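See below for my_file.txt, which holds compact mmCIF, C-alpha atoms and all ligand atoms.
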```txt
# COMPACT_ATOMS: atom_id res chain seq x y z
CA MET A 1248 145.05 90.52 91.79
CA ALA A 1249 145.32 93.84 93.50
CA GLY A 1250 144.13 96.15 96.21
CA ILE A 1251 142.94 99.74 95.81
CA ASP A 1252 144.14 102.67 97.94
CA ILE A 1253 142.21 105.90 97.81
CA GLU A 1254 143.57 108.96 99.59
CA GLY A 1255 141.98 112.39 99.99
CA LEU A 1256 140.04 111.83 96.80
CA ALA A 1257 137.74 114.58 95.50
CA THR A 1258 135.99 114.75 92.15
CA VAL A 1259 134.47 118.09 91.25
CA TYR A 1260 132.38 118.45 88.08
CA PRO A 1261 132.77 121.55 85.90
CA ASN A 1262 129.44 122.84 87.29
CA GLY A 1263 131.04 122.93 90.76
CA VAL A 1264 129.32 119.81 92.22
CA ARG A 1265 131.74 118.04 94.58
CA ALA A 1266 130.38 114.57 93.84
CA VAL A 1267 133.23 112.90 95.73
CA ASP A 1268 134.32 115.04 98.63
CA GLY A 1269 137.52 113.95 100.35
CA LEU A 1270 137.48 110.17 100.60
CA ASP A 1271 139.99 107.81 102.14
CA LEU A 1272 139.51 104.09 101.77
CA THR A 1273 141.37 100.90 101.09
CA VAL A 1274 139.98 97.85 99.33
CA ALA A 1275 141.94 94.69 100.08
CA ASP A 1276 143.21 92.26 97.47
CA GLY A 1277 140.41 89.85 96.60
CA GLU A 1278 137.83 91.71 98.64
CA PHE A 1279 134.17 92.12 97.66
CA PHE A 1280 133.62 95.74 98.62
CA ALA A 1281 130.27 97.55 98.40
CA LEU A 1282 129.75 101.28 97.97
CA LEU A 1283 126.31 101.95 99.38
CA GLY A 1284 124.29 105.15 99.56
CA PRO A 1285 121.20 106.94 98.32
CA SER A 1286 120.84 108.12 94.74
CA GLY A 1287 123.05 111.12 94.00
CA CYS A 1288 125.54 110.52 96.85
CA GLY A 1289 128.48 110.09 94.43
CA LYS A 1290 128.81 106.30 94.04
CA THR A 1291 129.00 106.27 90.25
CA THR A 1292 131.37 109.23 90.25
CA LEU A 1293 133.68 107.46 92.69
CA LEU A 1294 133.64 104.29 90.59
CA ARG A 1295 134.29 106.27 87.40
CA THR A 1296 137.13 108.12 89.10
CA ILE A 1297 138.73 104.80 90.09
CA ALA A 1298 138.34 103.66 86.47
CA GLY A 1299 139.76 106.92 85.11
CA LEU A 1300 136.56 107.89 83.29
CA GLU A 1301 136.39 111.00 85.49
CA SER A 1302 139.54 112.75 86.58
CA ALA A 1303 140.31 113.29 90.25
CA THR A 1304 140.35 116.94 91.31
CA GLU A 1305 142.27 116.18 94.51
CA GLY A 1306 143.94 113.15 96.05
CA SER A 1307 145.13 109.88 94.61
CA VAL A 1308 144.09 106.40 93.51
CA ARG A 1309 146.53 103.51 93.68
CA ILE A 1310 145.84 100.09 92.22
CA ASP A 1311 148.18 97.22 93.07
CA SER A 1312 150.48 99.83 94.70
CA THR A 1313 150.82 101.81 91.44
CA ASP A 1314 149.62 105.42 91.41
CA VAL A 1315 147.07 105.48 88.57
CA THR A 1316 145.57 108.90 89.34
CA ARG A 1317 146.75 110.38 86.04
CA LEU A 1318 146.71 107.20 83.96
CA GLU A 1319 144.17 106.78 81.16
CA PRO A 1320 141.42 104.19 81.79
CA GLY A 1321 142.90 101.54 79.47
CA LYS A 1322 146.18 101.49 81.39
CA ARG A 1323 144.72 101.03 84.88
CA GLY A 1324 143.95 97.31 84.74
CA VAL A 1325 140.31 97.79 85.69
CA ALA A 1326 137.20 96.26 84.14
CA MET A 1327 133.89 98.02 84.61
CA VAL A 1328 130.30 96.89 84.23
CA PHE A 1329 127.94 99.80 83.66
CA GLN A 1330 124.43 100.03 85.09
CA ASP A 1331 122.86 99.79 81.62
CA TYR A 1332 125.41 97.06 80.60
CA ALA A 1333 126.51 99.08 77.51
CA LEU A 1334 126.54 96.00 75.24
CA PHE A 1335 127.13 96.52 71.52
CA PRO A 1336 123.75 95.77 69.88
CA HIS A 1337 125.19 94.86 66.49
CA MET A 1338 127.68 92.31 67.87
CA ASN A 1339 126.80 88.81 69.05
CA VAL A 1340 127.50 87.60 72.59
CA SER A 1341 130.85 86.12 71.69
CA GLU A 1342 132.01 89.34 70.01
CA ASN A 1343 130.74 91.41 72.91
CA ILE A 1344 132.59 89.30 75.46
CA THR A 1345 135.89 89.43 73.59
CA TYR A 1346 135.71 93.02 72.34
CA PRO A 1347 138.36 94.23 74.84
CA LEU A 1348 140.68 91.49 73.54
CA LYS A 1349 140.06 92.52 69.94
CA VAL A 1350 141.04 96.07 70.82
CA ARG A 1351 144.29 94.63 72.20
CA ARG A 1352 144.73 92.68 68.91
CA VAL A 1353 144.46 89.24 70.48
CA ALA A 1354 144.20 86.54 67.76
CA ALA A 1355 140.74 85.38 66.67
CA ALA A 1356 141.29 81.76 67.71
CA THR A 1357 142.32 82.82 71.22
CA ARG A 1358 139.30 85.12 71.41
CA ALA A 1359 136.97 82.28 70.45
CA SER A 1360 138.32 80.05 73.20
CA VAL A 1361 138.06 82.86 75.77
CA ALA A 1362 134.44 83.46 74.71
CA GLU A 1363 133.76 79.74 75.14
CA LYS A 1364 135.40 79.51 78.57
CA THR A 1365 133.96 82.75 79.97
CA GLY A 1366 130.56 81.91 78.47
CA ASP A 1367 130.68 78.63 80.42
CA GLU A 1368 131.61 80.38 83.67
CA LEU A 1369 128.73 82.82 83.27
CA SER A 1370 126.14 80.20 82.20
CA LEU A 1371 125.85 81.58 78.67
CA GLN A 1372 126.24 78.21 76.91
CA GLY A 1373 124.32 78.10 73.65
CA LEU A 1374 123.86 81.88 73.53
CA LEU A 1375 127.20 82.95 72.05
CA GLU A 1376 125.77 83.57 68.55
CA ARG A 1377 122.83 85.67 69.75
CA ARG A 1378 122.69 89.44 69.75
CA PRO A 1379 121.93 91.33 72.99
CA GLY A 1380 118.40 92.15 71.76
CA GLN A 1381 117.63 88.41 71.72
CA LEU A 1382 118.57 87.93 75.39
CA SER A 1383 116.70 88.39 78.66
CA GLY A 1384 117.80 91.08 81.11
CA GLY A 1385 119.56 88.52 83.29
CA GLN A 1386 121.43 87.09 80.31
CA GLN A 1387 122.48 90.57 79.15
CA GLN A 1388 123.75 91.27 82.63
CA ARG A 1389 125.87 88.11 82.54
CA VAL A 1390 127.27 89.05 79.12
CA ALA A 1391 128.37 92.40 80.54
CA LEU A 1392 130.02 90.58 83.45
CA ALA A 1393 131.62 88.08 81.08
CA ARG A 1394 133.10 90.92 79.03
CA ALA A 1395 134.54 92.51 82.16
CA ILE A 1396 136.03 89.21 83.34
CA ALA A 1397 137.43 88.27 79.93
CA SER A 1398 139.35 91.54 79.82
CA GLU A 1399 141.44 90.19 82.73
CA GLY A 1400 141.49 93.38 84.74
CA LYS A 1401 143.05 93.28 88.19
CA VAL A 1402 139.99 94.98 89.60
CA LEU A 1403 136.31 94.59 88.77
CA LEU A 1404 134.09 97.69 89.12
CA LEU A 1405 130.33 97.07 89.06
CA ASP A 1406 127.83 99.93 88.93
CA GLU A 1407 124.45 98.69 90.18
CA PRO A 1408 124.71 95.58 87.99
CA LEU A 1409 121.54 94.00 89.39
CA SER A 1410 119.25 97.03 89.50
CA ASN A 1411 117.68 96.46 86.07
CA LEU A 1412 116.58 92.92 86.94
CA ASP A 1413 113.19 92.08 88.40
CA ALA A 1414 113.04 91.03 92.05
CA ARG A 1415 113.22 87.26 91.58
CA LEU A 1416 116.01 87.37 89.02
CA ARG A 1417 117.89 89.88 91.12
CA LEU A 1418 118.12 87.37 93.97
CA GLU A 1419 119.36 84.63 91.65
CA ALA A 1420 121.90 86.94 90.03
CA ARG A 1421 123.07 88.07 93.47
CA THR A 1422 123.85 84.51 94.55
CA PHE A 1423 125.53 83.85 91.21
CA LEU A 1424 127.66 86.98 91.50
CA LYS A 1425 128.78 86.20 95.03
CA LYS A 1426 129.87 82.69 94.09
CA LEU A 1427 131.60 83.91 90.93
CA GLN A 1428 133.52 86.58 92.84
CA LYS A 1429 134.67 84.05 95.45
CA ASP A 1430 135.65 81.54 92.75
CA LEU A 1431 137.65 84.12 90.78
CA GLY A 1432 139.00 85.88 93.87
CA ILE A 1433 139.05 89.16 91.96
CA THR A 1434 139.05 92.44 93.88
CA THR A 1435 135.56 93.83 93.30
CA VAL A 1436 133.94 97.18 94.03
CA PHE A 1437 130.20 96.94 93.81
CA VAL A 1438 127.96 100.03 93.78
CA THR A 1439 124.40 99.76 95.02
CA HIS A 1440 121.66 101.88 96.60
CA ASP A 1441 120.08 98.69 97.98
CA GLN A 1442 121.19 98.05 101.54
CA ALA A 1443 119.98 94.43 101.49
CA GLU A 1444 122.15 93.75 98.44
CA ALA A 1445 125.22 95.27 100.10
CA LEU A 1446 124.64 93.34 103.33
CA ALA A 1447 124.19 90.08 101.41
CA LEU A 1448 127.16 90.38 99.08
CA ALA A 1449 129.95 92.40 100.56
CA ASP A 1450 132.88 91.57 102.78
CA ARG A 1451 132.89 95.24 103.77
CA ILE A 1452 130.59 98.15 103.06
CA ALA A 1453 131.32 101.86 102.71
CA VAL A 1454 128.20 103.93 103.34
CA MET A 1455 128.29 107.28 101.49
CA GLN A 1456 126.28 110.47 101.84
CA SER A 1457 126.85 113.65 99.81
CA GLY A 1458 130.24 112.52 98.51
CA LYS A 1459 131.54 111.62 101.97
CA LEU A 1460 132.09 108.37 103.81
CA ARG A 1461 129.72 107.96 106.77
CA GLN A 1462 130.79 104.46 107.87
CA LEU A 1463 133.08 101.69 106.76
CA GLY A 1464 132.70 98.24 108.20
CA SER A 1465 131.54 94.66 107.84
CA PRO A 1466 127.86 94.04 107.09
CA ARG A 1467 127.51 92.95 110.71
CA GLU A 1468 129.07 96.15 112.04
CA VAL A 1469 127.04 98.56 109.94
CA PHE A 1470 123.85 96.68 110.77
CA ALA A 1471 124.38 96.15 114.50
CA ARG A 1472 126.31 99.30 115.29
CA PRO A 1473 125.62 102.16 112.85
CA ALA A 1474 128.11 104.97 113.43
CA ASN A 1475 125.46 107.66 113.06
CA THR A 1476 121.70 108.08 112.60
CA PHE A 1477 122.12 108.46 108.83
CA VAL A 1478 123.51 104.92 108.57
CA ALA A 1479 121.03 103.70 111.20
CA ASN A 1480 118.17 104.94 109.02
CA PHE A 1481 119.64 103.66 105.79
CA ILE A 1482 120.57 100.09 106.79
CA GLY A 1483 117.99 97.44 107.65
CA SER A 1484 114.80 96.22 105.98
CA THR A 1485 112.73 97.45 108.89
CA PRO A 1486 113.86 100.89 110.02
CA MET A 1487 115.73 101.28 113.30
CA ASN A 1488 113.72 102.93 116.08
CA LEU A 1489 115.31 106.33 116.73
CA LEU A 1490 113.63 107.85 119.76
CA PRO A 1491 114.22 110.84 122.02
CA GLY A 1492 115.55 109.71 125.41
CA THR A 1493 117.20 110.94 128.57
CA VAL A 1494 120.24 109.26 130.11
CA ALA A 1495 119.60 107.89 133.61
CA SER A 1496 121.99 106.33 136.13
CA ASP A 1497 121.49 102.77 134.86
CA GLY A 1498 120.23 103.22 131.33
CA VAL A 1499 118.01 105.51 129.36
CA SER A 1500 114.45 106.76 129.83
CA ILE A 1501 112.26 106.62 126.73
CA ALA A 1502 108.56 106.64 125.92
CA GLY A 1503 107.43 106.58 129.55
CA GLY A 1504 109.70 103.64 130.41
CA SER A 1505 113.37 102.74 130.32
CA LEU A 1506 115.91 100.45 128.66
CA PRO A 1507 119.38 99.39 129.78
CA ALA A 1508 122.20 101.17 127.96
CA ALA A 1509 125.95 101.51 128.29
CA THR A 1510 126.01 105.23 128.98
CA GLY A 1511 129.80 105.46 129.31
CA SER A 1512 130.80 109.07 129.88
CA VAL A 1513 127.43 110.50 128.87
CA PRO A 1514 126.12 112.27 132.00
CA SER A 1515 122.78 111.50 133.64
CA GLY A 1516 120.10 113.87 132.43
CA ALA A 1517 121.64 114.29 128.95
CA GLU A 1518 119.15 114.24 126.11
CA VAL A 1519 120.08 111.73 123.41
CA THR A 1520 118.63 109.88 120.45
CA VAL A 1521 118.17 106.22 121.37
CA GLY A 1522 118.61 103.70 118.56
CA VAL A 1523 117.31 100.15 118.83
CA ARG A 1524 116.44 97.83 115.98
CA PRO A 1525 113.00 96.17 115.88
CA GLU A 1526 114.84 92.83 115.62
CA TYR A 1527 116.68 93.48 118.89
CA LEU A 1528 113.61 94.32 120.99
CA THR A 1529 111.74 91.56 122.82
CA LEU A 1530 107.98 91.75 123.13
CA SER A 1531 106.24 90.12 126.11
CA THR A 1532 102.60 90.01 127.11
CA GLY A 1533 103.18 88.98 130.73
CA ASP A 1534 105.00 90.71 133.58
CA VAL A 1535 108.69 91.58 133.26
CA SER A 1536 111.19 92.70 135.88
CA GLY A 1537 113.90 95.27 135.20
CA PRO A 1538 113.95 98.16 132.74
CA ALA A 1539 111.18 98.01 130.14
CA VAL A 1540 108.85 100.11 128.03
CA ARG A 1541 105.11 99.47 128.22
CA GLY A 1542 102.47 100.14 125.60
CA SER A 1543 99.70 98.67 123.49
CA VAL A 1544 99.76 97.14 120.03
CA VAL A 1545 98.61 99.44 117.23
CA VAL A 1546 99.11 97.26 114.19
CA ALA A 1547 101.04 94.20 113.02
CA GLU A 1548 102.44 93.67 109.53
CA ASN A 1549 103.29 90.25 108.16
CA LEU A 1550 106.88 90.01 106.89
CA GLY A 1551 106.78 86.29 106.10
CA THR A 1552 108.19 84.32 109.03
CA GLN A 1553 108.26 87.49 111.16
CA SER A 1554 105.74 90.20 111.94
CA LEU A 1555 106.56 93.84 112.47
CA VAL A 1556 104.47 95.04 115.42
CA THR A 1557 103.98 98.75 116.04
CA VAL A 1558 103.48 99.54 119.71
CA ASP A 1559 102.18 102.83 121.11
CA CYS A 1560 104.23 103.58 124.22
CA ASP A 1561 102.98 106.72 125.91
CA GLY A 1562 102.38 108.36 122.52
CA THR A 1563 105.67 107.17 120.96
CA LEU A 1564 105.45 104.50 118.24
CA ILE A 1565 108.04 101.71 118.54
CA GLY A 1566 108.57 98.88 116.03
CA VAL A 1567 109.41 95.35 117.18
CA THR A 1568 109.64 92.14 115.19
CA VAL A 1569 108.22 88.89 116.57
CA PRO A 1570 107.90 85.38 115.14
CA GLU A 1571 104.82 85.35 112.95
CA GLU A 1572 103.00 82.84 115.19
CA ASP A 1573 103.43 85.17 118.21
CA GLU A 1574 101.78 88.15 116.50
CA PRO A 1575 99.59 89.94 119.09
CA SER A 1576 96.26 91.52 118.13
CA PRO A 1577 95.77 95.27 118.11
CA GLY A 1578 95.00 96.67 121.56
CA THR A 1579 97.01 93.99 123.44
CA PRO A 1580 99.03 95.49 126.33
CA VAL A 1581 102.71 94.55 125.84
CA VAL A 1582 106.12 95.10 127.40
CA LEU A 1583 109.31 95.77 125.41
CA THR A 1584 112.79 94.91 126.65
CA ALA A 1585 116.28 94.83 125.14
CA SER A 1586 119.75 93.81 126.20
CA GLU A 1587 122.18 96.60 127.02
CA GLN A 1588 124.49 96.00 124.04
CA ARG A 1589 121.59 96.47 121.60
CA VAL A 1590 120.63 99.92 122.81
CA LEU A 1591 122.71 102.63 121.11
CA LEU A 1592 122.96 106.26 122.10
CA TYR A 1593 123.42 108.98 119.49
CA ASP A 1594 124.19 112.66 119.91
CA LYS A 1595 120.88 114.48 119.64
CA GLU A 1596 122.37 117.25 117.47
CA SER A 1597 125.08 115.62 115.31
CA GLY A 1598 123.54 112.14 115.14
CA GLU A 1599 126.95 110.55 115.82
CA LEU A 1600 127.19 107.42 117.97
CA LEU A 1601 128.27 108.39 121.48
CA ALA A 1602 131.56 106.79 122.39
CA ARG A 1603 132.42 104.12 124.95
CA GLN A 1604 129.71 101.70 124.03
CA PRO A 1605 130.48 98.00 123.92
CA ALA A 1606 131.84 96.68 120.64
CA VAL A 1607 129.85 94.30 118.49
CA VAL A 1608 130.91 90.70 119.02
P1 LIG B 1701 125.08 108.11 92.48
O1 LIG B 1701 125.75 107.19 91.54
O2 LIG B 1701 125.37 107.84 93.93
O3 LIG B 1701 123.59 108.21 92.25
P2 LIG B 1701 126.45 110.21 91.00
O4 LIG B 1701 127.90 109.94 91.17
O5 LIG B 1701 125.82 109.82 89.72
O6 LIG B 1701 125.65 109.59 92.25
O7 LIG B 1701 126.18 111.77 91.20
C1 LIG B 1701 126.72 112.48 92.31
C2 LIG B 1701 126.41 113.95 92.16
O8 LIG B 1701 127.09 114.47 91.03
C3 LIG B 1701 124.95 114.27 91.92
O9 LIG B 1701 124.65 115.46 92.57
C4 LIG B 1701 124.86 114.41 90.41
O10 LIG B 1701 123.80 115.27 90.07
C5 LIG B 1701 126.20 115.02 90.08
N1 LIG B 1701 126.69 114.64 88.75
C6 LIG B 1701 126.82 113.39 88.25
N2 LIG B 1701 127.33 113.39 87.01
C7 LIG B 1701 127.55 114.70 86.70
C8 LIG B 1701 128.08 115.38 85.56
N3 LIG B 1701 128.51 114.70 84.49
N4 LIG B 1701 128.14 116.72 85.61
C9 LIG B 1701 127.73 117.41 86.69
N5 LIG B 1701 127.23 116.85 87.81
C10 LIG B 1701 127.14 115.50 87.82
MG MG B 1702 124.90 105.90 90.11
```

Write out the structure in this file as structure tokens.
Ligand code: ADP
Ligand code: MG
Amino acid sequence: MAGIDIEGLATVYPNGVRAVDGLDLTVADGEFFALLGPSGCGKTTLLRTIAGLESATEGSVRIDSTDVTRLEPGKRGVAMVFQDYALFPHMNVSENITYPLKVRRVAAATRASVAEKTGDELSLQGLLERRPGQLSGGQQQRVALARAIASEGKVLLLDEPLSNLDARLRLEARTFLKKLQKDLGITTVFVTHDQAEALALADRIAVMQSGKLRQLGSPREVFARPANTFVANFIGSTPMNLLPGTVASDGVSIAGGSLPAATGSVPSGAEVTVGVRPEYLTLSTGDVSGPAVRGSVVVAENLGTQSLVTVDCDGTLIGVTVPEEDEPSPGTPVVLTASEQRVLLYDKESGELLARQPAVV
């Protein structure tokens, strides 16, 4: 088992694209770590640079305290699962799983027992003689994982391993993967563009944009306290409300009303972007004392047990989630409130979270 230390890492392609652009991060021993970001932000390149399939232009990668920056992939102790699984079509499942061992000249009898054991762990019993073409997508995905695990790397690198599965299977595979990772305790870096997947699986998440790190934190931190409006927009199934506001003495004025906010050193009268998640707003139909925003319901969307209600507040549209049974009809006058710790203030120009706000508990 091993941690990963990345320092000042940049990977520049021959065409001049800086796909990874000066990254520092540490993945702890045994951690399930997600690299999250939109398509093209450099996730695959970062993973391939850790694996040694791309060479670092600047900076260093250490695995288990050993500098591997200039080591060839086979000597780094990493196992990678590619997005398209990269199974060998002409080999059966057993041969696919144990291919890395064959390369290392491990005896056939040992390979057979490893295939058996890993096949059991990955629920591939009875499929060891089949070829990849005779398997479902979910089974192929587990074969790719089995091959990575059987190679006994210190670090498991997974590039969007669930993205080729349909929605239902993806949820099952996600649960399976989380349990497997905890059982094995292997340090895992998981790449995904799906924020829900990262929130569900990871111990910590690094959110990337254009080759750079925009936030590193626990799922709870990146959800409840995005460090900037990029992360605020990217994380969450219902988008965070990001609204123009003006700092007042006891909070912030928005959409013809006001909300409480820890304004810290931000002066009264300053124009800011106010961030508040639909899940953290409370909708009432009666009278409310204290700071609030008033408006009328435009539309409500059913999300299952919750409804996402869009409220027109003085011309500004604000989203709020309510229990499905409390869904108000369009045209209903409503009042929105929030607690101070849920209302975040961002710099209007840079989009960075303004300092001195209470920490997430
Ligand atoms: P992600 O996995 O987050 O979608 P990638 O790491 O694949 O992102 O790509 C990051 C950037 O590097 C993109 O702009 C992409 O076009 C570019 N890129 C990826 N692979 C290559 C390559 N082999 N040569 C040149 N540019 C590349
Ligand atoms: Mg990719």

Go through chain A residue by residue and, counting only C-alpha atoms and all ligand atoms, keep those with an atom at most 7 Å from ligand LIG 1701 (chain B); for each kept residue give the shortest atom pair and its distance in Å to one decimal, ordered by chain and increasing number, as JSON lines.
```
{"residue": "A:Tyr1260", "atom": "CA", "partner": "B:LIG1701", "partner_atom": "C9", "distance": 5.0}
{"residue": "A:Pro1261", "atom": "CA", "partner": "B:LIG1701", "partner_atom": "C9", "distance": 6.6}
{"residue": "A:Asn1262", "atom": "CA", "partner": "B:LIG1701", "partner_atom": "C9", "distance": 5.7}
{"residue": "A:Val1264", "atom": "CA", "partner": "B:LIG1701", "partner_atom": "N5", "distance": 5.7}
{"residue": "A:Arg1265", "atom": "CA", "partner": "B:LIG1701", "partner_atom": "O8", "distance": 6.9}
{"residue": "A:Ala1266", "atom": "CA", "partner": "B:LIG1701", "partner_atom": "O8", "distance": 4.3}
{"residue": "A:Gly1284", "atom": "CA", "partner": "B:LIG1701", "partner_atom": "O2", "distance": 6.3}
{"residue": "A:Pro1285", "atom": "CA", "partner": "B:LIG1701", "partner_atom": "O2", "distance": 6.1}
{"residue": "A:Ser1286", "atom": "CA", "partner": "B:LIG1701", "partner_atom": "O3", "distance": 3.7}
{"residue": "A:Gly1287", "atom": "CA", "partner": "B:LIG1701", "partner_atom": "O3", "distance": 3.4}
{"residue": "A:Cys1288", "atom": "CA", "partner": "B:LIG1701", "partner_atom": "O2", "distance": 4.0}
{"residue": "A:Gly1289", "atom": "CA", "partner": "B:LIG1701", "partner_atom": "O4", "distance": 3.3}
{"residue": "A:Lys1290", "atom": "CA", "partner": "B:LIG1701", "partner_atom": "O2", "distance": 3.8}
{"residue": "A:Thr1291", "atom": "CA", "partner": "B:LIG1701", "partner_atom": "O1", "distance": 3.6}
{"residue": "A:Thr1292", "atom": "CA", "partner": "B:LIG1701", "partner_atom": "O4", "distance": 3.7}
{"residue": "A:Leu1293", "atom": "CA", "partner": "B:LIG1701", "partner_atom": "O4", "distance": 6.5}
```

Expected answer as a PyMOL selection string: all residues with atoms within 7 Å of (118.9, 103.5, 121.1), all atoms listed in the file: chain A and resi 1489-1490+1520-1523+1590-1592

Could you check how far CA of Thr1434 in chain A sits from CA of Lys1459 in chain A, in Å to one decimal?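 These two atoms are separated by 22.1 Å.
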
Please determine, counting only C-alpha atoms and all ligand atoms, which residue among A:His1440, A:Arg1389, A:Arg1472, A:Arg1589 has the shortest atom-to-atom distance to ligand MG 1702 (chain B).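 Of A:His1440, A:Arg1389, A:Arg1472, A:Arg1589, the one nearest ligand MG 1702 (chain B) is A:His1440, counting only C-alpha atoms and all ligand atoms.
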
Nearest to ligand MG 1702 (chain B), chosen from A:Ile1482, A:Leu1334, A:Ile1433, A:Leu1405, with only C-alpha atoms and all ligand atoms counted in the distances: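 Distance minimum relative to ligand MG 1702 (chain B) lands on A:Leu1405.
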
Show me, as a ChimeraX atom specification, the residues that have an atom within 10 Å of Arg1461 in chain A when counting all atoms listed in the file, minus same-chain residues fewer than 4 positions from it. /A:1284,1453-1457,1473-1478,1599

With all atoms listed in the file as the counted atoms, please give the residues lying no more than 6 Å from Asn1339 in chain A, apart from itself and same-chain residues fewer than 2 positions off, as an mmCIF file with C-alpha atoms, keeping the file's coordinate frame.
```cif
data_model
loop_
_atom_site.group_PDB
_atom_site.id
_atom_site.type_symbol
_atom_site.label_atom_id
_atom_site.label_comp_id
_atom_site.auth_asym_id
_atom_site.auth_seq_id
_atom_site.Cartn_x
_atom_site.Cartn_y
_atom_site.Cartn_z
ATOM 1 C CA SER A 1341 130.850 86.120 71.690
ATOM 2 C CA GLU A 1342 132.010 89.340 70.010
ATOM 3 C CA GLU A 1376 125.770 83.570 68.550
ATOM 4 C CA ARG A 1377 122.830 85.670 69.750
ATOM 5 C CA ARG A 1378 122.690 89.440 69.750
#
```

Quote the spacing between CA of Glu1468 in chain A and CA of Ala1502 in chain A in Å to one decimal place. 26.9 Å

Neighbours of Phe1279 in chain A within 10 Å (all atoms listed in the file; same-chain residues fewer than 3 positions away dropped), as a PDB file with C-alpha atoms, in the coordinates of the input?
```
ATOM      1  CA  VAL A1274     139.980  97.850  99.330  1.00  0.00           C
ATOM      2  CA  ALA A1275     141.940  94.690 100.080  1.00  0.00           C
ATOM      3  CA  ASP A1276     143.210  92.260  97.470  1.00  0.00           C
ATOM      4  CA  LEU A1403     136.310  94.590  88.770  1.00  0.00           C
ATOM      5  CA  LYS A1425     128.780  86.200  95.030  1.00  0.00           C
ATOM      6  CA  GLN A1428     133.520  86.580  92.840  1.00  0.00           C
ATOM      7  CA  LYS A1429     134.670  84.050  95.450  1.00  0.00           C
ATOM      8  CA  GLY A1432     139.000  85.880  93.870  1.00  0.00           C
ATOM      9  CA  ILE A1433     139.050  89.160  91.960  1.00  0.00           C
ATOM     10  CA  THR A1434     139.050  92.440  93.880  1.00  0.00           C
ATOM     11  CA  THR A1435     135.560  93.830  93.300  1.00  0.00           C
ATOM     12  CA  VAL A1436     133.940  97.180  94.030  1.00  0.00           C
ATOM     13  CA  PHE A1437     130.200  96.940  93.810  1.00  0.00           C
ATOM     14  CA  ALA A1445     125.220  95.270 100.100  1.00  0.00           C
ATOM     15  CA  LEU A1448     127.160  90.380  99.080  1.00  0.00           C
ATOM     16  CA  ALA A1449     129.950  92.400 100.560  1.00  0.00           C
ATOM     17  CA  ASP A1450     132.880  91.570 102.780  1.00  0.00           C
ATOM     18  CA  ARG A1451     132.890  95.240 103.770  1.00  0.00           C
ATOM     19  CA  ILE A1452     130.590  98.150 103.060  1.00  0.00           C
TER      20      ILE A1452
END
```

I'd like the neighbourhood of Ala1508 in chain A as an NGL selection string, where a residue qualifies if any of its atoms comes within 7 Å (using all atoms listed in the file), though same-chain residues fewer than 5 positions away should be ignored. :A and (1498-1499 or 1587-1588 or 1590)

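The closest residue to Leu1294 in chain A, picked from A:Phe1470, A:Phe1280, A:Phe1423, A:Tyr1593 and counting all atoms listed in the file, is A:Phe1280.
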
Closest of A:Asp1594, A:Glu1548, A:Glu1572, A:Glu1526 to Thr1510 in chain A - atom-to-atom distances counting all atoms listed in the file: A:Asp1594

Would you list the residues near (139.9, 102.1, 98.1) (no more than 9 Å away, in the coordinates of the file, using all atoms listed in the file) as number ranges by chain? A: 1250-1254, 1270-1275, 1280, 1297, 1308-1310, 1436
